[in-house]
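Worksheet for the structure shown next.
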Amino acid sequence: MPPDSAIHRCLQENFDFSAFRPGQEAVINGLLAGRSALAIFPTGGGKSLCYQLPALLLDGLTLVISPLIALMKDQVDALRQRGLPAARLDSSIGPAEAQAIYRQLADGSLKLLYIAPERLANERFLGRLRGRPIDLLAIDEAHCISEWGHNFRPEYLKIARLAEQLRVGRVLALTATATPEVAADIRRAFGIAEADQVRASFHRPNLHLAVTPCPAPQRRELLLQRLRERPAGPTIVYVTLQKTAEQVAAFLDAQGIPVRAYHAGMQNDERSAVQEAFMAGAAGVVVATIAFGMGIDKADIRAIYHYNLPKTLENYMQEIGRAGRDGGDAHCEILACADDLTVLANFSYGDTPTPEALERLVRHLLDQGASFDVSHIELAGLFDIRPLVIATVFTYLELKGILQATGPFYDSYKVQFKRPAEQICADFDPQRSAFLQELFATARKGRVWHQLNPAESAAALGQSRQRVTAAIGFLEERGDLTVQATGLRHGYRLREAGADPASLIAGLQETFARRETKDIERLRGVLAYAEQRGCLSGTLLRYFGEAVEDDCGDCSRCRGGQKRDLPRTAPLEPGPSEAAIARRVRAENQAALAHPRQLARFLCGLTSPAASRARLSRHPDFGALGVFPFQQVLGLIEQCQAGAEVRP
């Protein structure tokens with residue numbers, strides 16, 4: 001491990017800091033001593049330095065896995081401005097820049113490489129990593145590895161296995177939203193000792209928390225009042241639905257408030273323009289879904305309003321953590337209405353596959369033979385199960401020992417020649433030149449791009465698929481070809497041919513039901529937080545495992561607020577008129593909405609592969625019963641199908 005003086009000299013010379021923030025030095029010392037670590041720091045607490053500084057002192061590569069392209073871009077830009085050798089590989093990087101990064105990776109001059117988790121599904125990229133010394137693997141948003149985390153992502157479960165395969169020196173898991181239960185999951189996955197878990201305090205005395213119960217019809221006016229009565233400053237208003245973002249932004253704009261909407265349904269250039277305007281101070285208020293703010297490092301955000309209840313307390317802590325990073329005061333208020341629970345709960349119910357679809361999927365997989373490959377997207381359309389849920393099913397089957405992943409691959413390449421094929425072939429000996437000529441002849445010619453299927457080409461040439469992909473990769477590295485991989489497929493091997501389908505399906509159904517229950521429990525936790533009488537800050541800190549002795553004395557509850565049940569204005573029970581809508585929609589769309597759960601998703605405004613394929617999200621009745629709880633709508637549909645009378 002470098003001496004303490006070298007660590008502090010690196011901190012000052014490369015990052016212009018004279019001292020570490022709480023927790024940073026303990027994490028860095030553990031990593032430089034060769035141990036893996038878990039850093040649980042609040043949003044804006046300085047997580048990135050915990051791997052950036054060691055990366056400069058370690059000999060090999062530091063690989064950073066982050067799902068946030070905006071964060072990767074900002075951090076790499078900042079590191080490069082300081083002259084530090086860092087790069088990122090994501091969907092926005094062009095072929096020429098990617099090739100330059102690969103050359104740096106090959107010659108060892110690159111110290112930090114940022115990638116998205118999906119990059120680990122690229123077999124050619126993994127091939128470039130194998131055999132190269134990776135001294136540190138840093139995993140941002142590490143709570144995604146836990147099935148009990150608020151943002152479980154199945155691809156994260158495979159990172160631990162990959163770390164072993166790549167023989168990384170040590171692992172740093174980073175998160176701002178780990179409860180004690182989730183932290184234990186992370187430590188277990190990466191073999192991190194409890195002593196190497198460092199939790200910095202989440203207490204931010206400059207964030208002034210408030211919860212104001214408010215009936216839904218009055219929220220727009222209350223938000224307008226808050227924006228007018230408080231000092232102007234960069235402000236984020238978080239909402240649940242895309243249409244709410246548009247509607248609230250339009251209302252505020254009509255009242256003379258400088259405002260922009262932001263949500264995932266906008267075009268990429270529109271979202272980028274809003275983000276850049278906000279960062280530059282040109283957009284005072286952004287009304288956004290949770291898609292906004294991930295990885296945004298703006299120090300002077302003065303207010304965060306939750307127009308709708310946050311999805312979880314983890315989300316809430318992350319979102320308010322974006323305010324007041326400059327140390328100045330920031331106002332964080334929830335305009336709380338119980339109606340929001342219906343929409344949030346419906347999203348959880350909508351992700352759960354129907355028992356019939358889950359059974360058909362599992363039996364389909366068990367019938368594929370000893371080795372097979374599939375497209376998750378194709379399976380999603382075939383069984384009307386969302387792609388994320390499909391990926392989760394495969395992950396669970398792997399964890400149960402039923403399947404073993406043999407590796408992802410692309411079944412097709414789009415190839416563009418950067419110079420004539422005959423010139424490329426002329427650079428090689430006769431044997432290799434003949435192979436390349438034959439390979440190029442198997443491609444389906446286009447005006448600019450040629451389509452090449454590695455498996456088909458290999459079969460036609462009597463060669464291995466690996467030789468075909470290696471040749472394409474080599475020519476891409478040389479700059480002879482521009483290659484775009486398409487058609488991601490996942491290979492699997494059946495490990496337990498005699499598995500009992502019935503018990504396996506029952507176990508998976510139980511797993512999804514348990515996850516659904518856990519999601520609803522988290523929603524109830526948000527409601528309890530909003531309605532409780534005690535200190536808001538203390539309640540949040542205790543939820544994340546931090547010992548708290550005294551109340552903050554500053555939040556709206558400590559300043560005299562009383563416990564109040566949140567108002568509810570939306571109806572809970574659908575009646576005969578809603579039943580008539582359900583019958584009519586089902587009759588018109590029998591093929592796409594045959595199952596009661598499919599129809600319930602549609603009526604609650606929840607997209608599904610079948611509905612998307614039939615373009616039903618544009619149907620005038622899409623979301624017609626969205627104000628009602630999903631389970632009530634499902635019960636109504638089942639009543640109608642049974643021929644029972646629906647009473648008002």
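Chain identifiers are assigned as A, B, and so on, following the order in which chains appear in the structure tokens; residues are numbered from 1 within each chain, and ligands are numbered from 1 in order of appearance.
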| as number ranges by chain, which residues of region 234-446 of chain A does DSSP assign to strand (DSSP E or B)? | A: 235-238, 259-262, 285-288, 303-306, 330-336, 371-374, 403-417, 444
For Val343 (chain A), find every residue with an atom within 9 Å (counting only C-alpha atoms), except residues of its own chain fewer than 6 positions away, and show them as a ChimeraX atom specification. /A:240-241,604,626-630
Could those residues be written to a file, using C-alpha atoms, as a short mmCIF file (atom, residue, chain, number, x, y, z; two decimals), in the first residue's frame?
data_model
loop_
_atom_site.label_atom_id
_atom_site.label_comp_id
_atom_site.auth_asym_id
_atom_site.auth_seq_id
_atom_site.Cartn_x
_atom_site.Cartn_y
_atom_site.Cartn_z
CA THR A 240 -44.84 9.95 -11.26
CA LEU A 241 -46.32 10.02 -14.77
CA CYS A 604 -54.79 0.84 -15.63
CA GLY A 626 -56.08 4.20 -13.97
CA VAL A 627 -57.49 5.91 -10.87
CA PHE A 628 -58.57 2.55 -9.47
CA PRO A 629 -56.30 0.02 -7.73
CA PHE A 630 -55.06 -2.70 -10.06
#
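Once region 361-374 of chain A and its same-chain neighbours fewer than 6 positions away are set aside, Phe383, Arg489, His490, Gly491, Tyr492, Arg493, Leu494, Arg495, Ala497, Pro501 and Ile505 of chain A remain within 8 Å of it when counting only C-alpha atoms.
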Could you take the residues named above and write them with C-alpha atoms, as an mmCIF file, in the first residue's frame?
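Ended up saving to selection.cif:
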data_model
loop_
_atom_site.group_PDB
_atom_site.id
_atom_site.type_symbol
_atom_site.label_atom_id
_atom_site.label_comp_id
_atom_site.auth_asym_id
_atom_site.auth_seq_id
_atom_site.Cartn_x
_atom_site.Cartn_y
_atom_site.Cartn_z
ATOM 1 C CA PHE A 383 -45.398 -14.681 -23.842
ATOM 2 C CA ARG A 489 -29.101 -13.465 -27.998
ATOM 3 C CA HIS A 490 -28.278 -15.342 -24.818
ATOM 4 C CA GLY A 491 -26.846 -18.848 -24.792
ATOM 5 C CA TYR A 492 -27.752 -21.372 -22.081
ATOM 6 C CA ARG A 493 -27.039 -24.951 -21.122
ATOM 7 C CA LEU A 494 -29.668 -27.068 -19.371
ATOM 8 C CA ARG A 495 -27.967 -28.362 -16.224
ATOM 9 C CA ALA A 497 -32.769 -32.110 -17.421
ATOM 10 C CA PRO A 501 -41.688 -28.131 -14.169
ATOM 11 C CA ILE A 505 -43.116 -22.866 -11.873
#
Within 12 Å of region 138-160 of chain A: each region 73-119 of chain A residue with its shortest pair, only C-alpha atoms, as CSV:
residue,atom,partner,partner_atom,distance
A:Leu112,CA,A:Ala138,CA,10.1
A:Leu113,CA,A:Ala138,CA,10.1
A:Tyr114,CA,A:Ala138,CA,9.3
A:Ile115,CA,A:Ile139,CA,10.0
A:Ala116,CA,A:Asp140,CA,9.9
A:Pro117,CA,A:Glu155,CA,6.9
A:Glu118,CA,A:Glu155,CA,7.6
A:Arg119,CA,A:Glu155,CA,10.4
Report the residues of region 241-343 of chain A whose backbone DSSP state falls under helix (DSSP H, G or I), written as a PyMOL selection string. chain A and resi 242-254+268-280+313-320+340-343
Residue contacts of region 233-239 of chain A (8 Å, only C-alpha atoms) excluding same-chain residues fewer than 6 positions away, as a list in words: Ala245, Phe278, Gly281, Ala283, Gly284, Val285, Val286, Val287, Ala288, Thr289, Ile290, Asp300, Ile301, Arg302, Ala303, Ile304, Tyr305, His306, Tyr307, Asn308 and Leu309 of chain A
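For the residues A:Leu475, A:Cys214, A:Ala580, A:Ala528, ranking by smallest atom-to-atom distance to Arg568 (chain A) using only C-alpha atoms places A:Cys214 first.
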| Pick from A:Thr175, A:Thr354, A:Thr469, A:Gln104, whichever lies nearest to Gly127 (chain A) using only C-alpha atoms |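 Counting only C-alpha atoms, the residue closest to Gly127 (chain A) is A:Thr469.
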Quick check, in Å to one decimal: how far apart do CA of Gly534 (chain A) and CA of Gly44 (chain A) lie?
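Atom-to-atom, CA of Gly534 (chain A) to CA of Gly44 (chain A), that is 26.2 Å.
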With only C-alpha atoms counted and 10 Å as the cut-off, give the residues of region 310-332 of chain A in contact with region 517-523 of chain A, each with its shortest interatomic distance in Å and the pair that gives it, as JSON lines.
{"residue": "A:Pro310", "atom": "CA", "partner": "A:Leu523", "partner_atom": "CA", "distance": 8.5}
{"residue": "A:Lys311", "atom": "CA", "partner": "A:Leu523", "partner_atom": "CA", "distance": 6.5}
{"residue": "A:Thr312", "atom": "CA", "partner": "A:Arg522", "partner_atom": "CA", "distance": 5.8}
{"residue": "A:Leu313", "atom": "CA", "partner": "A:Arg522", "partner_atom": "CA", "distance": 7.5}
{"residue": "A:Glu314", "atom": "CA", "partner": "A:Arg522", "partner_atom": "CA", "distance": 9.1}
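Closest approach to Ala189 (chain A) among A:Ile637, A:Ala173, A:Ile390, A:Ile65 is made by A:Ala173 (distances from only C-alpha atoms).
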Min atom-atom distance to Arg167 (chain A) from the set A:Ala460, A:Leu136, A:Ala273, A:Ala193, counting only C-alpha atoms, belongs to A:Leu136
Tell me, as a VMD selection string, which residues lie within 12 Å of His619 (chain A), counting only C-alpha atoms; anything in the same chain fewer than 2 positions away does not count.
-> chain A and resid 585 588 to 589 602 to 603 605 607 611 to 612 614 to 617 621 to 624
message = So the first atom is CA of Ile334 (chain A) and the second is CA of Phe544 (chain A); what is the distance between them in Å, to one decimal place?
response =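 Separation of CA of Ile334 (chain A) and CA of Phe544 (chain A): 19.4 Å.
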Neighbour list for Ala195 (chain A) as a ChimeraX atom specification, cut-off 12 Å, only C-alpha atoms, skip fewer than 5 positions in-chain: /A:26-27,30,35-39,184,187
Residues just named, written with N, CA and C atoms as a PDB file, in the first residue's frame:
ATOM      1  N   ALA A  26     -10.995   5.890   4.718  1.00  0.00           N
ATOM      2  CA  ALA A  26     -11.093   4.508   5.197  1.00  0.00           C
ATOM      3  C   ALA A  26     -11.331   3.546   4.031  1.00  0.00           C
ATOM      4  N   VAL A  27     -12.193   3.930   3.087  1.00  0.00           N
ATOM      5  CA  VAL A  27     -12.445   3.085   1.917  1.00  0.00           C
ATOM      6  C   VAL A  27     -11.187   2.951   1.074  1.00  0.00           C
ATOM      7  N   GLY A  30      -8.449   0.737   2.591  1.00  0.00           N
ATOM      8  CA  GLY A  30      -8.781  -0.678   2.485  1.00  0.00           C
ATOM      9  C   GLY A  30      -8.530  -1.218   1.089  1.00  0.00           C
ATOM     10  N   ARG A  35      -8.046  -5.112  -0.133  1.00  0.00           N
ATOM     11  CA  ARG A  35      -9.324  -5.648   0.312  1.00  0.00           C
ATOM     12  C   ARG A  35     -10.475  -5.014  -0.468  1.00  0.00           C
ATOM     13  N   SER A  36     -11.534  -5.785  -0.662  1.00  0.00           N
ATOM     14  CA  SER A  36     -12.751  -5.247  -1.266  1.00  0.00           C
ATOM     15  C   SER A  36     -13.519  -4.455  -0.218  1.00  0.00           C
ATOM     16  N   ALA A  37     -14.386  -3.533  -0.668  1.00  0.00           N
ATOM     17  CA  ALA A  37     -15.074  -2.645   0.263  1.00  0.00           C
ATOM     18  C   ALA A  37     -16.468  -2.301  -0.243  1.00  0.00           C
ATOM     19  N   LEU A  38     -17.325  -1.924   0.688  1.00  0.00           N
ATOM     20  CA  LEU A  38     -18.661  -1.399   0.389  1.00  0.00           C
ATOM     21  C   LEU A  38     -18.747  -0.004   0.976  1.00  0.00           C
ATOM     22  N   ALA A  39     -19.017   0.987   0.113  1.00  0.00           N
ATOM     23  CA  ALA A  39     -19.141   2.380   0.551  1.00  0.00           C
ATOM     24  C   ALA A  39     -20.602   2.801   0.432  1.00  0.00           C
ATOM     25  N   ALA A 184     -26.162  -6.161   3.496  1.00  0.00           N
ATOM     26  CA  ALA A 184     -25.725  -7.539   3.760  1.00  0.00           C
ATOM     27  C   ALA A 184     -25.726  -8.366   2.473  1.00  0.00           C
ATOM     28  N   ARG A 187     -22.563  -7.325   0.454  1.00  0.00           N
ATOM     29  CA  ARG A 187     -21.334  -7.889   1.039  1.00  0.00           C
ATOM     30  C   ARG A 187     -21.219  -9.380   0.738  1.00  0.00           C
TER      31      ARG A 187
END
